[in-house]
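Trainee: So here's upload.cif, just mmCIF, C-alpha atoms and all ligand atoms:
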data_structure
#
loop_
_atom_site.label_atom_id
_atom_site.label_comp_id
_atom_site.auth_asym_id
_atom_site.auth_seq_id
_atom_site.Cartn_x
_atom_site.Cartn_y
_atom_site.Cartn_z
CA MET A 26 0.00 0.00 0.00
CA THR A 27 2.87 2.38 0.88
CA GLY A 28 4.42 1.61 -2.52
CA SER A 29 1.17 2.60 -4.28
CA PHE A 30 1.03 5.95 -2.46
CA LEU A 31 4.70 6.58 -3.24
CA ARG A 32 4.08 5.80 -6.90
CA LEU A 33 1.00 8.07 -6.98
CA GLY A 34 2.99 10.85 -5.29
CA ALA A 35 5.89 10.49 -7.75
CA PHE A 36 3.43 10.45 -10.67
CA ALA A 37 1.64 13.64 -9.50
CA LEU A 38 4.95 15.40 -8.80
CA GLY A 39 6.33 14.52 -12.25
CA LEU A 40 3.08 15.51 -13.96
CA LEU A 41 2.82 18.90 -12.26
CA GLY A 42 6.55 19.67 -12.44
CA LEU A 43 6.91 18.82 -16.13
CA ARG A 44 3.61 20.55 -16.98
CA GLY A 45 5.07 23.70 -15.43
CA VAL A 46 8.15 23.39 -17.66
CA GLU A 47 5.92 22.68 -20.70
CA LEU A 48 4.07 25.96 -20.08
CA ALA A 49 7.29 27.92 -19.53
CA ALA A 50 9.41 26.43 -22.34
CA PRO A 51 7.40 24.36 -24.84
CA HIS A 52 9.20 22.60 -27.70
CA HIS A 53 6.31 22.91 -30.18
CA PRO A 54 2.81 24.47 -30.36
CA PRO A 55 -0.13 22.12 -29.61
CA THR A 56 -0.89 19.75 -32.51
CA ALA A 57 -4.27 18.54 -31.11
CA PRO A 58 -6.92 19.85 -28.64
CA LEU A 59 -5.34 19.63 -25.19
CA ARG A 60 -8.41 19.28 -22.94
CA ALA A 61 -9.86 16.23 -24.72
CA ARG A 62 -6.44 14.52 -24.86
CA TRP A 63 -5.69 15.08 -21.20
CA LEU A 64 -9.09 13.71 -20.13
CA ILE A 65 -8.46 10.54 -22.15
CA ASN A 66 -4.79 10.15 -21.21
CA LEU A 67 -5.25 10.71 -17.49
CA GLY A 68 -8.39 8.54 -17.55
CA PHE A 69 -6.28 5.67 -18.88
CA GLY A 70 -3.62 6.53 -16.30
CA ALA A 71 -6.10 6.30 -13.42
CA ALA A 72 -7.55 2.96 -14.57
CA ASN A 73 -4.13 1.47 -15.32
CA GLY A 74 -2.73 2.75 -12.02
CA ILE A 75 -4.85 0.15 -10.20
CA ILE A 76 -3.41 -2.68 -12.32
CA VAL A 77 0.15 -1.39 -11.98
CA SER A 78 -0.25 -1.09 -8.21
CA LEU A 79 -1.47 -4.69 -7.98
CA ALA A 80 1.39 -5.85 -10.26
CA CYS A 81 3.94 -3.92 -8.19
CA ALA A 82 2.59 -5.41 -4.98
CA SER A 83 2.76 -8.90 -6.55
CA CYS A 84 6.32 -8.34 -7.78
CA TYR A 85 7.37 -7.01 -4.39
CA ALA A 86 5.84 -9.97 -2.54
CA LEU A 87 7.21 -12.49 -5.04
CA SER A 88 10.70 -11.05 -4.91
CA ALA A 89 10.67 -10.86 -1.11
CA HIS A 90 9.42 -14.46 -0.67
CA ASN A 91 10.86 -16.06 -3.74
CA GLU A 92 12.17 -19.53 -2.93
CA PHE A 93 12.76 -20.26 -6.61
CA ALA A 94 14.94 -17.16 -7.07
CA ALA A 95 16.72 -17.79 -3.78
CA HIS A 96 18.06 -21.06 -5.19
CA LEU A 97 18.07 -20.59 -8.97
CA GLY A 98 17.67 -16.84 -9.66
CA LEU A 99 20.80 -15.67 -11.46
CA LEU A 100 21.24 -12.44 -9.53
CA ARG A 101 20.78 -14.09 -6.12
CA ARG A 102 23.48 -16.64 -6.98
CA LEU A 103 25.98 -13.88 -7.80
CA ASP A 104 25.79 -12.70 -4.17
CA LEU A 105 26.40 -9.03 -5.07
CA ASN A 106 26.44 -6.17 -2.58
CA ILE A 107 23.51 -3.74 -2.67
CA TRP A 108 25.46 -0.97 -4.51
CA THR A 109 26.22 -3.29 -7.41
CA ARG A 110 23.03 -5.34 -7.38
CA ILE A 111 20.43 -2.54 -7.55
CA PRO A 112 21.98 -0.66 -10.52
CA LEU A 113 22.39 -4.02 -12.28
CA GLU A 114 18.73 -4.88 -11.66
CA VAL A 115 17.59 -1.47 -12.95
CA VAL A 116 19.70 -1.87 -16.13
CA LEU A 117 18.44 -5.43 -16.63
CA LEU A 118 14.78 -4.43 -16.24
CA ASP A 119 15.37 -1.52 -18.64
CA LEU A 120 16.68 -4.01 -21.23
CA VAL A 121 13.58 -6.17 -20.69
CA THR A 122 11.39 -3.08 -21.18
CA TYR A 123 13.28 -2.22 -24.41
CA LEU A 124 12.80 -5.75 -25.79
CA LEU A 125 9.14 -5.76 -24.80
CA HIS A 126 8.56 -2.38 -26.46
CA ARG A 127 10.22 -3.72 -29.61
CA ALA A 128 7.94 -6.77 -29.52
CA TYR A 129 4.91 -4.45 -29.38
CA HIS A 130 6.08 -3.03 -32.72
CA VAL A 131 6.73 -6.40 -34.39
CA VAL A 132 3.94 -8.77 -33.30
CA PRO A 133 0.61 -7.73 -34.93
CA LEU A 134 -1.47 -8.75 -31.91
CA LEU A 135 0.72 -6.68 -29.56
CA TRP A 136 0.70 -3.68 -31.92
CA ARG A 137 -3.12 -3.69 -31.74
CA LEU A 138 -2.74 -2.91 -28.01
CA HIS A 139 0.23 -0.54 -28.33
CA VAL A 140 -1.39 1.50 -31.12
CA VAL A 141 -3.56 3.21 -28.48
CA HIS A 142 -0.40 4.82 -27.07
CA HIS A 143 0.75 5.87 -30.55
CA SER A 144 -2.69 7.25 -31.50
CA ASP A 145 -2.06 10.40 -29.46
CA LEU A 146 -2.04 13.29 -31.92
CA ASP A 147 0.20 15.43 -29.73
CA LEU A 148 2.97 14.52 -27.32
CA ASP A 149 3.28 15.90 -23.80
CA VAL A 150 3.67 14.64 -20.24
CA SER A 151 0.10 13.26 -20.26
CA SER A 152 1.00 10.90 -23.16
CA ALA A 153 3.07 8.82 -20.72
CA SER A 154 -0.23 7.65 -19.16
CA ARG A 155 -1.99 6.70 -22.41
CA PHE A 156 -1.79 2.90 -22.63
CA HIS A 157 -4.50 0.36 -23.36
CA THR A 158 -5.29 -1.57 -20.19
CA GLY A 159 -4.54 -4.82 -22.04
CA GLU A 160 -0.99 -3.63 -22.72
CA VAL A 161 -0.44 -2.69 -19.08
CA LEU A 162 -1.75 -6.10 -18.03
CA ALA A 163 0.47 -7.99 -20.53
CA SER A 164 3.58 -6.01 -19.56
CA SER A 165 2.87 -6.54 -15.85
CA ILE A 166 2.57 -10.32 -16.28
CA LEU A 167 5.91 -10.44 -18.14
CA LYS A 168 7.62 -8.34 -15.47
CA ILE A 169 6.31 -10.63 -12.72
CA GLY A 170 7.85 -13.55 -14.66
CA VAL A 171 11.23 -11.78 -14.89
CA VAL A 172 11.18 -10.91 -11.18
CA VAL A 173 10.53 -14.55 -10.27
CA VAL A 174 12.99 -16.20 -12.68
CA VAL A 175 15.88 -13.73 -12.52
CA GLY A 176 15.56 -13.06 -8.80
CA ILE A 177 15.11 -9.28 -8.81
CA SER A 178 15.19 -7.89 -5.25
CA PRO A 179 12.24 -5.92 -3.80
CA GLN A 180 14.41 -2.78 -3.50
CA GLY A 181 15.66 -3.10 -7.08
CA PHE A 182 12.14 -3.49 -8.40
CA VAL A 183 10.73 -0.48 -6.52
CA ILE A 184 13.66 1.73 -7.60
CA PHE A 185 13.30 0.59 -11.22
CA GLU A 186 9.57 1.39 -11.25
CA ALA A 187 10.21 4.89 -9.86
CA VAL A 188 13.02 5.62 -12.35
CA MET A 189 11.01 4.21 -15.27
CA LEU A 190 7.96 6.33 -14.39
CA ALA A 191 10.06 9.51 -14.16
CA CYS A 192 11.86 8.75 -17.45
CA ALA A 193 8.57 7.93 -19.25
CA GLN A 194 7.09 11.28 -18.22
CA PHE A 195 10.30 13.12 -19.18
CA GLN A 196 10.67 11.55 -22.64
CA HIS A 197 7.06 12.43 -23.58
CA ALA A 198 7.24 16.00 -22.25
CA ASN A 199 6.80 18.89 -24.67
CA ILE A 200 9.81 20.80 -23.34
CA ARG A 201 12.64 22.69 -24.97
CA ILE A 202 16.06 21.56 -23.79
CA PRO A 203 19.27 23.50 -24.53
CA GLY A 204 21.09 21.93 -27.49
CA ARG A 205 24.30 20.88 -25.74
CA LEU A 206 22.45 19.32 -22.80
CA GLU A 207 20.16 17.43 -25.20
CA SER A 208 23.14 16.18 -27.25
CA GLY A 209 24.70 14.86 -24.05
CA LEU A 210 21.46 13.12 -23.09
CA TRP A 211 21.38 11.23 -26.42
CA ARG A 212 24.47 9.37 -25.20
CA ILE A 213 22.98 8.25 -21.87
CA LEU A 214 19.30 8.89 -21.08
CA VAL A 215 16.41 9.00 -23.58
CA PRO A 216 15.68 12.72 -24.24
CA PRO A 217 12.26 13.98 -25.47
CA ALA A 218 13.79 14.67 -28.92
CA MET A 219 14.64 10.98 -29.31
CA HIS A 220 11.20 9.77 -28.26
CA ARG A 221 9.41 12.35 -30.44
CA ILE A 222 10.87 10.57 -33.48
CA HIS A 223 9.32 7.32 -32.21
CA HIS A 224 5.88 9.00 -32.15
CA THR A 225 5.90 10.45 -35.68
CA PRO A 226 3.60 8.70 -38.19
CA THR A 227 6.42 7.64 -40.54
CA ARG A 228 6.85 3.87 -40.37
CA GLU A 229 10.67 3.96 -40.20
CA ASP A 230 10.57 6.50 -37.36
CA THR A 231 7.85 4.71 -35.39
CA ASN A 232 9.92 1.53 -35.53
CA SER A 233 12.98 3.07 -33.92
CA ASN A 234 14.10 4.56 -30.58
CA TYR A 235 12.43 2.02 -28.28
CA GLY A 236 14.41 2.90 -25.14
CA THR A 237 12.77 4.02 -21.91
CA ILE A 238 15.64 4.89 -19.55
CA LEU A 239 19.00 4.26 -21.29
CA THR A 240 19.81 4.97 -24.94
CA VAL A 241 22.46 2.21 -25.05
CA TRP A 242 20.03 -0.51 -26.19
CA ASP A 243 19.02 1.43 -29.33
CA TRP A 244 22.69 2.21 -30.04
CA LEU A 245 23.80 -1.40 -29.58
CA LEU A 246 20.87 -3.14 -31.27
CA GLY A 247 20.68 -0.88 -34.34
CA THR A 248 17.32 0.80 -33.71
CA LEU A 249 18.55 4.33 -33.05
CA ARG A 250 17.31 7.06 -35.37
CA ARG A 251 18.27 10.72 -35.15
CA HIS A 252 17.01 13.72 -37.14
CA PRO A 253 17.62 17.45 -36.83
CA PRO A 254 14.98 18.98 -34.46
CA ASP A 255 11.60 19.62 -36.10
CA PRO A 256 9.89 22.75 -34.65
CA THR A 257 6.51 21.72 -36.16
CA PRO A 258 6.33 17.94 -35.70
CA SER A 259 3.31 15.73 -36.28
CA PHE A 260 2.40 12.72 -34.15
CA GLY A 261 0.12 9.71 -34.30
CA VAL A 262 -0.67 6.86 -36.66
CA GLU A 263 -1.39 7.50 -40.35
CA SER A 264 -4.73 5.63 -40.36
CA LEU A 265 -5.94 7.31 -37.12
CA ARG A 266 -5.71 11.02 -37.83
CA ASP A 267 -9.25 12.18 -36.93
CA SER A 268 -9.20 13.44 -33.33
CA GLN A 269 -13.04 13.50 -33.20
CA SER A 270 -13.17 9.73 -33.64
CA LEU A 271 -10.53 8.92 -31.02
CA GLY A 272 -12.79 8.76 -27.95
CA VAL A 273 -12.31 6.38 -25.01
CA ALA A 274 -14.78 3.78 -26.31
CA ARG A 275 -13.10 3.63 -29.76
CA LEU A 276 -9.63 3.42 -28.19
CA LEU A 277 -10.67 0.59 -25.87
CA MET A 278 -12.07 -1.33 -28.86
CA LEU A 279 -9.16 -0.50 -31.16
CA PRO A 280 -7.31 -3.82 -30.61
CA PHE A 281 -10.38 -5.62 -32.02
CA THR A 282 -11.37 -3.13 -34.72
CA LEU A 283 -8.06 -1.93 -36.21
CA PRO A 284 -8.10 -2.93 -39.92
CA PRO A 285 -5.39 -5.47 -40.90
CA ASP A 286 -4.10 -3.01 -43.54
CA SER A 287 -3.42 -0.44 -40.84
CA VAL A 288 -1.51 -3.04 -38.78
CA ARG A 289 0.63 -4.01 -41.80
CA GLU A 290 1.32 -0.33 -42.59
CA SER A 291 2.70 0.35 -39.13
CA ILE A 292 4.58 -2.67 -37.78
CA ARG A 293 8.27 -3.39 -38.30
CA ASP A 294 9.21 -5.76 -41.15
ZN ZN B 301 6.06 2.42 -29.22
#
Would you write out, as structure tokens, the structure that this file holds?
Mentor:
Amino acid sequence: MTGSFLRLGAFALGLLGLRGVELAAPHHPPTAPLRARWLINLGFGAANGIIVSLACASCYALSAHNEFAAHLGLLRRLDLNIWTRIPLEVVLLDLVTYLLHRAYHVVPLLWRLHVVHHSDLDLDVSSASRFHTGEVLASSILKIGVVVVVGISPQGFVIFEAVMLACAQFQHANIRIPGRLESGLWRILVPPAMHRIHHTPTREDTNSNYGTILTVWDWLLGTLRRHPPDPTPSFGVESLRDSQSLGVARLLMLPFTLPPDSVRESIRD
């Protein structure tokens, strides 16, 4: 329960703090009506928050009382001290998140869930909350599996979740970052400029820049894409450009109603 309140507090702090920066130093003018988007995005965030809280509680309990991991979990067998183990667990879970994100762009069934996130016609801090509940559920089940098999510690898992949440909000934020600082970020942490490319409707761009915390996975695994900054970007999915038709009910049904042509147009070869 404490973990859920901490997560909610961190979420609210990130949302309000980054919204303040978005108002003071926006990267681009709005590309879609803000009020309607925020209602939808934060509505998804509230519903998904319940699932994430339950998943976090399950992961925490499983990692704290994990007999399997105690004997067979790779990280437990290495017997590392806390200062080595926790960073290693965070990096490992970030790699899992990268691979999972890539799978959402390759497997047609998974793209049908993930397309709800990509259907946002603008990109700001609220976009970090816009995920179909089915995607949140599928990702949570996979993470529980990793926690059990690899032997992630309760502390490592909680710290990873907090860092991932903060990085997700940051990379979606519509904020202007000084050029040299942003160039430095490209080498280490995913900056908004890198994730904006991932949200443009072009197929090659959408199927690149999958990282959440570290940029190293995109560098190493050949999925990094970098363009000069675009002051008037466009976001979304080519076949879902009408903001009037992107209400909550349509988005919830999208995994079942998305035409096969649209799936083929978007996913990675
Ligand atoms: Zn994506």
Trainee: Measuring atom to atom with all atoms listed in the file, identify which of A:Pro133, A:Gly42, A:Gly209, A:Gly176 is nearest to Asp104 (chain A).
Mentor: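 Of all the options, A:Gly176 lies closest to Asp104 (chain A).
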Trainee: Would you write out, as a tab-separated table, a table of all residues in chain A that have an atom no more than 8 Å from an atom of ligand ZN 301 (chain B), listing for each the closest atom pair and the distance in Å to one decimal, considering only C-alpha atoms and all ligand atoms and ordering rows by chain and rising residue number?
Mentor:
residue	atom	partner	partner_atom	distance
A:His126	CA	B:ZN301	ZN	6.1
A:Arg127	CA	B:ZN301	ZN	7.4
A:Tyr129	CA	B:ZN301	ZN	7.0
A:His130	CA	B:ZN301	ZN	6.5
A:His139	CA	B:ZN301	ZN	6.6
A:Val140	CA	B:ZN301	ZN	7.7
A:His142	CA	B:ZN301	ZN	7.2
A:His143	CA	B:ZN301	ZN	6.5
A:His223	CA	B:ZN301	ZN	6.6
A:His224	CA	B:ZN301	ZN	7.2
A:Thr231	CA	B:ZN301	ZN	6.8
A:Asn232	CA	B:ZN301	ZN	7.5
A:Tyr235	CA	B:ZN301	ZN	6.5
Trainee: Go ahead and write the selection's residues with C-alpha atoms as an mmCIF file, keeping the file's coordinate frame.
Mentor:
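Result file part_39.cif:
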data_model
loop_
_atom_site.group_PDB
_atom_site.id
_atom_site.type_symbol
_atom_site.label_atom_id
_atom_site.label_comp_id
_atom_site.auth_asym_id
_atom_site.auth_seq_id
_atom_site.Cartn_x
_atom_site.Cartn_y
_atom_site.Cartn_z
ATOM 1 C CA HIS A 126 8.560 -2.380 -26.460
ATOM 2 C CA ARG A 127 10.220 -3.720 -29.610
ATOM 3 C CA TYR A 129 4.910 -4.450 -29.380
ATOM 4 C CA HIS A 130 6.080 -3.030 -32.720
ATOM 5 C CA HIS A 139 0.230 -0.540 -28.330
ATOM 6 C CA VAL A 140 -1.390 1.500 -31.120
ATOM 7 C CA HIS A 142 -0.400 4.820 -27.070
ATOM 8 C CA HIS A 143 0.750 5.870 -30.550
ATOM 9 C CA HIS A 223 9.320 7.320 -32.210
ATOM 10 C CA HIS A 224 5.880 9.000 -32.150
ATOM 11 C CA THR A 231 7.850 4.710 -35.390
ATOM 12 C CA ASN A 232 9.920 1.530 -35.530
ATOM 13 C CA TYR A 235 12.430 2.020 -28.280
#
Trainee: Smallest atom-to-atom distance to Leu190 (chain A): which of A:Trp211, A:Trp63, A:Trp136, A:Phe36, using all atoms listed in the file?
Mentor: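 The closest residue to Leu190 (chain A) is A:Phe36.
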Trainee: From the list A:Ile111, A:Leu100, A:Leu249, A:Ile76, which residue is nearest His157 (chain A) when using all atoms listed in the file?
Mentor: A:Ile76
Trainee: Using all atoms listed in the file, determine which residues lie at most 8 Å from Gly70 (chain A), disregarding the query and same-chain residues fewer than 2 positions distant; provide the list as a tab-separated table (two decimals) with C-alpha atoms, in the frame of the given file.
Mentor:
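Written output follows (out-v4.tsv):
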chain	number	residue	atom	x	y	z
A	66	ASN	CA	-4.79	10.15	-21.21
A	67	LEU	CA	-5.25	10.71	-17.49
A	68	GLY	CA	-8.39	8.54	-17.55
A	72	ALA	CA	-7.55	2.96	-14.57
A	73	ASN	CA	-4.13	1.47	-15.32
A	74	GLY	CA	-2.73	2.75	-12.02
A	154	SER	CA	-0.23	7.65	-19.16
A	155	ARG	CA	-1.99	6.70	-22.41
A	156	PHE	CA	-1.79	2.90	-22.63
Trainee: Rank nothing, just name the residue among A:Gly181, A:Phe30, A:Ser151, A:Asp145 nearest to Thr109 (chain A), using only C-alpha atoms.
Mentor: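 Nearest to Thr109 (chain A): A:Gly181.
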Trainee: For a quick check of understanding, using only C-alpha atoms, which of A:Ser270, A:Asn199, A:Ser178, A:Ser259 has the smallest distance to Pro112 (chain A)?
Mentor: A:Ser178
Trainee: What separation in Å, quoted to one decimal, exists between CA of Ser264 (chain A) and CA of Pro55 (chain A)?
Mentor: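 According to the coordinates, CA of Ser264 (chain A) and CA of Pro55 (chain A) are separated by 20.2 Å.
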Trainee: To one decimal place, how far is CA of Ala163 (chain A) from CA of Asp267 (chain A) in Å?
Mentor: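 Between these atoms lies a distance of 27.8 Å.
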Trainee: Would you compute the distance between CA of Gly34 (chain A) and CA of Val150 (chain A)? Give it in Å to one decimal.
Mentor: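 Computing it gives 15.4 Å between the two atoms.
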Trainee: Write out as a PDB file with C-alpha atoms, in the coordinates of the input the residues lying within 6 Å of region 49-53 of chain A, counting only C-alpha atoms and excluding same-chain residues fewer than 4 positions away.
Mentor:
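Okay, this is what ended up in part13.pdb:
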ATOM      1  CA  ASN A 199       6.800  18.890 -24.670  1.00  0.00           C
ATOM      2  CA  ILE A 200       9.810  20.800 -23.340  1.00  0.00           C
ATOM      3  CA  ARG A 201      12.640  22.690 -24.970  1.00  0.00           C
ATOM      4  CA  PRO A 256       9.890  22.750 -34.650  1.00  0.00           C
TER       5      PRO A 256
END
Trainee: Which residues are close to Pro258 (chain A), i.e. within 9 Å by only C-alpha atoms, leaving aside same-chain residues fewer than 5 positions away? Reply as a PyMOL selection string.
Mentor: chain A and resi 53+56+147+221-222+225
Trainee: Identify which of the residues A:Ala35, A:Gly261, A:Leu279, A:Ile177 lies closest to Asp230 (chain A), counting all atoms listed in the file when measuring atom-to-atom distances.
Mentor: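 That would be A:Gly261, the residue with the smallest distance to Asp230 (chain A).
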Trainee: The residues within 10 Å of (13.1, 13.1, -17.0), using all atoms listed in the file and the coordinates of the file, should be reported as a list of chain:residue names; which are they?
Mentor: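 Here is the list of nearby residues: A:Gly39, A:Leu43, A:Val188, A:Met189, A:Leu190, A:Ala191, A:Cys192, A:Ala193, A:Gln194, A:Phe195, A:Gln196, A:His197, A:Ala198, A:Leu214, A:Val215, A:Pro216, A:Pro217, A:Ile238.
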Trainee: Given the point (19.6, -3.3, -9.9) in the file's coordinates, find the residues that have an atom at most 12 Å from it, counting only C-alpha atoms, and give them as a PyMOL selection string.
Mentor: chain A and resi 100-101+105-120+172+175-186+188
Trainee: Which residues are near Leu162 (chain A)? Cut-off 8 Å, all atoms listed in the file, ignore same chain within fewer than 4 positions. Put them as a list in words.
Mentor: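 What passes the distance filter is Ile76, Val77, Thr158 and Ile166 of chain A.
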Trainee: Which polymer residues have any atom within 8 Å of an atom of Ala57 (chain A), counting all atoms listed in the file, with same-chain residues fewer than 5 positions away left out, as a VMD selection string?
Mentor: chain A and resid 62 146 to 147 268
Trainee: Show me that you can extract region 129-156 of chain A, keeping N, CA and C atoms, and write it as a PDB file, in the first residue's frame.
Mentor:
ATOM      1  N   TYR A 129       6.199  -5.100 -29.118  1.00  0.00           N
ATOM      2  CA  TYR A 129       4.906  -4.451 -29.381  1.00  0.00           C
ATOM      3  C   TYR A 129       4.842  -3.863 -30.790  1.00  0.00           C
ATOM      4  N   HIS A 130       6.038  -3.603 -31.366  1.00  0.00           N
ATOM      5  CA  HIS A 130       6.080  -3.027 -32.718  1.00  0.00           C
ATOM      6  C   HIS A 130       6.285  -4.081 -33.808  1.00  0.00           C
ATOM      7  N   VAL A 131       6.445  -5.339 -33.413  1.00  0.00           N
ATOM      8  CA  VAL A 131       6.727  -6.402 -34.389  1.00  0.00           C
ATOM      9  C   VAL A 131       5.567  -7.393 -34.483  1.00  0.00           C
ATOM     10  N   VAL A 132       5.002  -7.752 -33.342  1.00  0.00           N
ATOM     11  CA  VAL A 132       3.939  -8.766 -33.302  1.00  0.00           C
ATOM     12  C   VAL A 132       2.581  -8.073 -33.533  1.00  0.00           C
ATOM     13  N   PRO A 133       1.869  -8.435 -34.608  1.00  0.00           N
ATOM     14  CA  PRO A 133       0.609  -7.732 -34.929  1.00  0.00           C
ATOM     15  C   PRO A 133      -0.376  -7.647 -33.758  1.00  0.00           C
ATOM     16  N   LEU A 134      -0.527  -8.736 -33.030  1.00  0.00           N
ATOM     17  CA  LEU A 134      -1.472  -8.753 -31.911  1.00  0.00           C
ATOM     18  C   LEU A 134      -1.075  -7.735 -30.838  1.00  0.00           C
ATOM     19  N   LEU A 135       0.234  -7.626 -30.578  1.00  0.00           N
ATOM     20  CA  LEU A 135       0.718  -6.678 -29.563  1.00  0.00           C
ATOM     21  C   LEU A 135       0.601  -5.233 -30.059  1.00  0.00           C
ATOM     22  N   TRP A 136       0.843  -5.037 -31.371  1.00  0.00           N
ATOM     23  CA  TRP A 136       0.696  -3.681 -31.923  1.00  0.00           C
ATOM     24  C   TRP A 136      -0.740  -3.188 -31.772  1.00  0.00           C
ATOM     25  N   ARG A 137      -1.709  -4.085 -31.884  1.00  0.00           N
ATOM     26  CA  ARG A 137      -3.120  -3.694 -31.735  1.00  0.00           C
ATOM     27  C   ARG A 137      -3.392  -3.084 -30.352  1.00  0.00           C
ATOM     28  N   LEU A 138      -2.619  -3.518 -29.349  1.00  0.00           N
ATOM     29  CA  LEU A 138      -2.737  -2.909 -28.015  1.00  0.00           C
ATOM     30  C   LEU A 138      -1.937  -1.607 -27.950  1.00  0.00           C
ATOM     31  N   HIS A 139      -0.695  -1.669 -28.465  1.00  0.00           N
ATOM     32  CA  HIS A 139       0.231  -0.541 -28.325  1.00  0.00           C
ATOM     33  C   HIS A 139      -0.195   0.658 -29.191  1.00  0.00           C
ATOM     34  N   VAL A 140      -0.991   0.408 -30.226  1.00  0.00           N
ATOM     35  CA  VAL A 140      -1.393   1.497 -31.121  1.00  0.00           C
ATOM     36  C   VAL A 140      -2.168   2.584 -30.373  1.00  0.00           C
ATOM     37  N   VAL A 141      -2.817   2.213 -29.264  1.00  0.00           N
ATOM     38  CA  VAL A 141      -3.558   3.215 -28.480  1.00  0.00           C
ATOM     39  C   VAL A 141      -2.588   4.283 -27.968  1.00  0.00           C
ATOM     40  N   HIS A 142      -1.413   3.858 -27.527  1.00  0.00           N
ATOM     41  CA  HIS A 142      -0.403   4.817 -27.066  1.00  0.00           C
ATOM     42  C   HIS A 142       0.045   5.711 -28.228  1.00  0.00           C
ATOM     43  N   HIS A 143       0.244   5.113 -29.389  1.00  0.00           N
ATOM     44  CA  HIS A 143       0.746   5.868 -30.545  1.00  0.00           C
ATOM     45  C   HIS A 143      -0.344   6.697 -31.229  1.00  0.00           C
ATOM     46  N   SER A 144      -1.601   6.496 -30.850  1.00  0.00           N
ATOM     47  CA  SER A 144      -2.690   7.245 -31.499  1.00  0.00           C
ATOM     48  C   SER A 144      -2.785   8.673 -30.984  1.00  0.00           C
ATOM     49  N   ASP A 145      -2.014   9.027 -29.978  1.00  0.00           N
ATOM     50  CA  ASP A 145      -2.063  10.403 -29.455  1.00  0.00           C
ATOM     51  C   ASP A 145      -1.575  11.367 -30.535  1.00  0.00           C
ATOM     52  N   LEU A 146      -2.372  12.373 -30.828  1.00  0.00           N
ATOM     53  CA  LEU A 146      -2.044  13.294 -31.924  1.00  0.00           C
ATOM     54  C   LEU A 146      -1.140  14.451 -31.487  1.00  0.00           C
ATOM     55  N   ASP A 147      -0.838  14.514 -30.221  1.00  0.00           N
ATOM     56  CA  ASP A 147       0.201  15.429 -29.735  1.00  0.00           C
ATOM     57  C   ASP A 147       1.035  14.631 -28.736  1.00  0.00           C
ATOM     58  N   LEU A 148       2.119  15.224 -28.280  1.00  0.00           N
ATOM     59  CA  LEU A 148       2.966  14.516 -27.325  1.00  0.00           C
ATOM     60  C   LEU A 148       3.305  15.485 -26.196  1.00  0.00           C
ATOM     61  N   ASP A 149       2.892  15.125 -24.985  1.00  0.00           N
ATOM     62  CA  ASP A 149       3.284  15.896 -23.803  1.00  0.00           C
ATOM     63  C   ASP A 149       3.293  14.944 -22.620  1.00  0.00           C
ATOM     64  N   VAL A 150       3.488  15.499 -21.423  1.00  0.00           N
ATOM     65  CA  VAL A 150       3.673  14.641 -20.243  1.00  0.00           C
ATOM     66  C   VAL A 150       2.482  13.699 -20.024  1.00  0.00           C
ATOM     67  N   SER A 151       1.284  14.113 -20.443  1.00  0.00           N
ATOM     68  CA  SER A 151       0.103  13.258 -20.255  1.00  0.00           C
ATOM     69  C   SER A 151       0.175  11.997 -21.132  1.00  0.00           C
ATOM     70  N   SER A 152       0.913  12.051 -22.248  1.00  0.00           N
ATOM     71  CA  SER A 152       0.998  10.900 -23.161  1.00  0.00           C
ATOM     72  C   SER A 152       1.620   9.678 -22.462  1.00  0.00           C
ATOM     73  N   ALA A 153       2.425   9.926 -21.434  1.00  0.00           N
ATOM     74  CA  ALA A 153       3.074   8.818 -20.716  1.00  0.00           C
ATOM     75  C   ALA A 153       2.051   7.928 -20.006  1.00  0.00           C
ATOM     76  N   SER A 154       0.817   8.431 -19.852  1.00  0.00           N
ATOM     77  CA  SER A 154      -0.227   7.646 -19.164  1.00  0.00           C
ATOM     78  C   SER A 154      -1.152   6.923 -20.136  1.00  0.00           C
ATOM     79  N   ARG A 155      -1.028   7.203 -21.421  1.00  0.00           N
ATOM     80  CA  ARG A 155      -1.991   6.702 -22.408  1.00  0.00           C
ATOM     81  C   ARG A 155      -1.574   5.302 -22.885  1.00  0.00           C
ATOM     82  N   PHE A 156      -2.046   4.284 -22.216  1.00  0.00           N
ATOM     83  CA  PHE A 156      -1.790   2.897 -22.631  1.00  0.00           C
ATOM     84  C   PHE A 156      -3.080   2.107 -22.499  1.00  0.00           C
TER      85      PHE A 156
END
